[in-house]
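Heads up: the structure comes next, in structure tokens.
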Amino acid sequence: MSEKIEQPVQHYDKEEIVYNVDTHKDHGEVGVVDAPNGGRAAWTVVFGCFCGMFAIYGVNYSWGLFLRTYNQSVYIGQMNALSWIGSICISLYFIIGPINEWVVRKLGYTKMLAIGTIMCPLALMLASISHQIWHLYLTQGVMFGIGASFVWFSCIAAPMEWFSSRRGIAVGITMCGSGVGGLILSNICQAIIQRDLGYRWALRVAGFICFFFLVLATIFVKQSPAHLAMQSRMDENREGFREMFSRQKKLLQNTEFNMMLIVGFITTFGYLVPSFLLPSYATSLHLNPWIGTNLSAIMSAINAISKLANGFTSDRIGRINGLFICTFLSGVMSLAIWTNARTEASIWVFAVLYGFFGGGYLTLFPASIPQVAGYDNISAANGLLYFSNTFGYLFGTPIASAIINRSTPPNYVYAAVWGGLLMAVGGLFCLALRVVRAGWKPLVKV
């Protein structure tokens with residue numbers, strides 16, 4: 001049995017927080033009793049993280065709507081060039097990854113979020129006065145993406161620090177913000193465009209909404225007392241880049257961590273392909289225009305429900321078990337359903353199923369990190385894992401766009417196969433990680 005050393009009780013906002021350090025890392029639920037586990041302060045932090053995800057992913061999940069508008073009405077027939085804007089943006093969400101631990105120590109979450117609060121809304125405002133595609137590259141792509149990077153790493157790490165056995169539901173609620181944000185923002189932007197106010201006002205309104213929610217995130221997201229104490233020890237020891245890179249090197253010597261790196265690298269090439277291309281696919285089939293208009297919103301709604309449901313369920317069946325199931329089935333949905341979707345009903349079935357399992361993948365990947373890397377390495381592990389995602393998010397959708405446009409008219413089946421295979425292969429690596437940790441025993445919680 002693992003030996004547990006109980007640390008002194010700490011006080012924060014009049015809430016008692018007890019945390020334990022597991023001195024024996026075995027193949028069980030690593031990272032379950034090594035952190036605070038709730039309380040009023042912790043749930044307030046989760047609310048702030050929800051707001052941060054609402055802002056940055058609400059804009060990101062609305063990109064399919066803007067892409068369709070740009071391609072049909074503004075920069076007509078330039079799909080390949082336009083598809084890079086969304087890819088550049090989402091890939092830069094993780095750009096500070098290699099130095100994330102250092103940035104967190106020097107700035108803290110409040111200052112990081114303040115930077116994002118300035119950059120992200122400003123990027124959308126500048127995009128609204130753009131007149132060339134390269135203007136959108138710099139604003140809606142680069143500037144928003146870099147600003148969102150400071151928001152993402154703050155909001156994804158905070159719930160991991162504040163929760164242990166309820167970490168799955170905490171991260172699930174946080175990530176639910178992305179689905180709710182996508183649902184609300186995409187509908188608002190679509191309504192503005194349809195009422196002849198135009199895409200420029202849609203960008204401006206999105207910028208105001210983004211600013212409001214990022215202000216809330218800046219106010220409420222804080223580091224946990226345990227994490228602040230750890231950073232204080234690092235500062236006392238005058239640890240710098242050398243020590244940070246040394247911890248990263250040790251993580252890269254961990255087989256299980258490397259398997260998670262592989263999962264993240266592979267799946268990010270395929271995950272966003274349906275979200276970005278499905279509205280255009282529905283339009284290409286000459287289906288009811290309402291479908292293409294509302295697909296992004298419906299997928300965001302399903303994503304929100306999925307993140308809560310899968311976060312709650314994973315705390316009971318194991319987060320890595322849930323990660324395997326959701327990742328693999330996301331790929332299967334693309335290969336089995338999207339490749340054969342030619343009717344309104346079949347597209348809706350795919351959107352619902354992919355939205356559910358894809359939302360589970362997006363939630364359980366970060367929720368599994370402390371189990372594999374350890375509580376003390378959350379910042380370093382987040383930085384490395386999500387920086388490896390940069391390449392997939394940058395090149396995945398443009399590759400899919402180039403593949404479908406090799407034929408006339410565009411053949412979206414190729415995109416379905418591309419995205420589906422990558423997600424399914426990533427799911428198999430999740431299975432391999434689960435086997436390495438717990439063997440072939442199917443009922444073991446991992």
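Every chain in the structure tokens takes a letter, A first, then B, and so on in the order presented; its residues are numbered from 1, and the ligands are numbered from 1 following the presented order.
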Do a neighbour search on Leu364 (chain A) at 9 Å with only C-alpha atoms, toss out local chain neighbours closer than 6 positions, and write the hits as a PyMOL selection string. chain A and resi 168+171-172+307+310-311+314+319-320+322-323+326
Tell me which protein, DNA and RNA residues are within 9 Å of Phe150 (chain A), counting only C-alpha atoms, leaving out same-chain ones fewer than 6 positions away, and put them as JSON, numbers by chain.
{"A": [93, 94, 96, 100, 109, 111, 112, 113, 114, 115, 116]}
Just-selected residues, all heavy atoms written as a CSV table (one decimal), in the first residue's frame:
```
chain,number,residue,atom,x,y,z
A,93,TYR,N,-2.4,29.1,-29.6
A,93,TYR,CA,-2.9,29.0,-28.3
A,93,TYR,C,-1.9,28.3,-27.4
A,93,TYR,O,-1.9,28.5,-26.1
A,93,TYR,CB,-4.2,28.1,-28.3
A,93,TYR,CG,-5.5,28.7,-28.6
A,93,TYR,CD1,-5.6,29.8,-29.5
A,93,TYR,CD2,-6.7,28.3,-28.0
A,93,TYR,CE1,-6.8,30.4,-29.8
A,93,TYR,CE2,-7.9,28.9,-28.3
A,93,TYR,CZ,-7.9,30.0,-29.2
A,93,TYR,OH,-9.2,30.5,-29.5
A,94,PHE,N,-0.9,27.6,-27.9
A,94,PHE,CA,0.0,26.8,-27.1
A,94,PHE,C,1.4,27.3,-27.3
A,94,PHE,O,2.4,26.6,-27.0
A,94,PHE,CB,-0.1,25.4,-27.5
A,94,PHE,CG,-1.5,24.9,-27.6
A,94,PHE,CD1,-2.0,24.5,-28.9
A,94,PHE,CD2,-2.4,24.9,-26.5
A,94,PHE,CE1,-3.4,24.1,-29.0
A,94,PHE,CE2,-3.7,24.5,-26.7
A,94,PHE,CZ,-4.2,24.1,-27.9
A,96,ILE,N,3.4,29.6,-25.9
A,96,ILE,CA,4.3,29.8,-24.8
A,96,ILE,C,4.6,28.5,-24.0
A,96,ILE,O,5.2,28.5,-23.0
A,96,ILE,CB,3.7,30.9,-23.8
A,96,ILE,CG1,2.4,30.4,-23.1
A,96,ILE,CG2,3.5,32.2,-24.5
A,96,ILE,CD1,2.0,31.3,-22.0
A,100,ASN,N,6.2,27.9,-20.4
A,100,ASN,CA,5.0,28.2,-19.6
A,100,ASN,C,5.3,28.2,-18.1
A,100,ASN,O,4.9,29.1,-17.3
A,100,ASN,CB,4.0,27.1,-19.9
A,100,ASN,CG,2.8,27.3,-19.0
A,100,ASN,OD1,2.1,28.3,-18.9
A,100,ASN,ND2,2.4,26.2,-18.3
A,109,TYR,N,-1.1,33.9,-12.7
A,109,TYR,CA,-2.3,33.8,-13.6
A,109,TYR,C,-3.0,35.2,-13.8
A,109,TYR,O,-3.5,35.4,-14.9
A,109,TYR,CB,-3.3,32.8,-13.0
A,109,TYR,CG,-2.8,31.4,-12.9
A,109,TYR,CD1,-3.3,30.5,-12.1
A,109,TYR,CD2,-1.7,31.0,-13.8
A,109,TYR,CE1,-2.9,29.2,-12.1
A,109,TYR,CE2,-1.3,29.7,-13.8
A,109,TYR,CZ,-1.8,28.8,-12.9
A,109,TYR,OH,-1.4,27.5,-12.9
A,111,LYS,N,-1.8,38.3,-14.0
A,111,LYS,CA,-1.1,39.1,-15.1
A,111,LYS,C,-1.2,38.5,-16.4
A,111,LYS,O,-1.3,39.1,-17.4
A,111,LYS,CB,0.3,39.4,-14.6
A,111,LYS,CG,0.5,40.3,-13.4
A,111,LYS,CD,1.9,40.5,-13.1
A,111,LYS,CE,2.0,41.5,-11.9
A,111,LYS,NZ,3.5,41.7,-11.4
A,112,MET,N,-1.1,37.1,-16.4
A,112,MET,CA,-1.2,36.4,-17.7
A,112,MET,C,-2.6,36.7,-18.3
A,112,MET,O,-2.7,37.0,-19.5
A,112,MET,CB,-1.0,34.9,-17.5
A,112,MET,CG,0.5,34.6,-17.2
A,112,MET,SD,0.6,32.8,-16.8
A,112,MET,CE,0.3,32.0,-18.4
A,113,LEU,N,-3.6,36.6,-17.5
A,113,LEU,CA,-5.0,36.8,-18.0
A,113,LEU,C,-5.2,38.3,-18.4
A,113,LEU,O,-5.9,38.6,-19.4
A,113,LEU,CB,-6.0,36.4,-17.0
A,113,LEU,CG,-6.1,34.9,-16.8
A,113,LEU,CD1,-6.8,34.5,-15.5
A,113,LEU,CD2,-6.9,34.3,-18.0
A,114,ALA,N,-4.5,39.2,-17.7
A,114,ALA,CA,-4.7,40.6,-18.1
A,114,ALA,C,-4.1,40.8,-19.5
A,114,ALA,O,-4.6,41.6,-20.3
A,114,ALA,CB,-3.9,41.5,-17.1
A,115,ILE,N,-3.0,40.2,-19.8
A,115,ILE,CA,-2.4,40.3,-21.1
A,115,ILE,C,-3.4,39.8,-22.2
A,115,ILE,O,-3.6,40.4,-23.2
A,115,ILE,CB,-1.1,39.5,-21.2
A,115,ILE,CG1,0.0,40.2,-20.3
A,115,ILE,CG2,-0.6,39.4,-22.7
A,115,ILE,CD1,1.3,39.4,-20.2
A,116,GLY,N,-4.0,38.6,-21.9
A,116,GLY,CA,-5.0,38.1,-22.9
A,116,GLY,C,-6.2,39.0,-23.0
A,116,GLY,O,-6.8,39.1,-24.1
```
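Minimum distance to Gly64 (chain A) across A:Ile403, A:Ile337, A:Met119, A:Leu272 (counting only C-alpha atoms) occurs at A:Leu272.
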Counting only C-alpha atoms, closest pick from A:Leu329, A:Leu65, A:Leu228, A:Leu136 relative to Cys89 (chain A) is A:Leu136
The residue from A:Pro366, A:Trp43, A:Thr110, A:Glu243 with the smallest atom-to-atom distance to Leu261 (chain A), counting only C-alpha atoms, is A:Pro366
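Between CA of Trp162 (chain A) and CA of Met299 (chain A) the interatomic distance comes to 29.1 Å.
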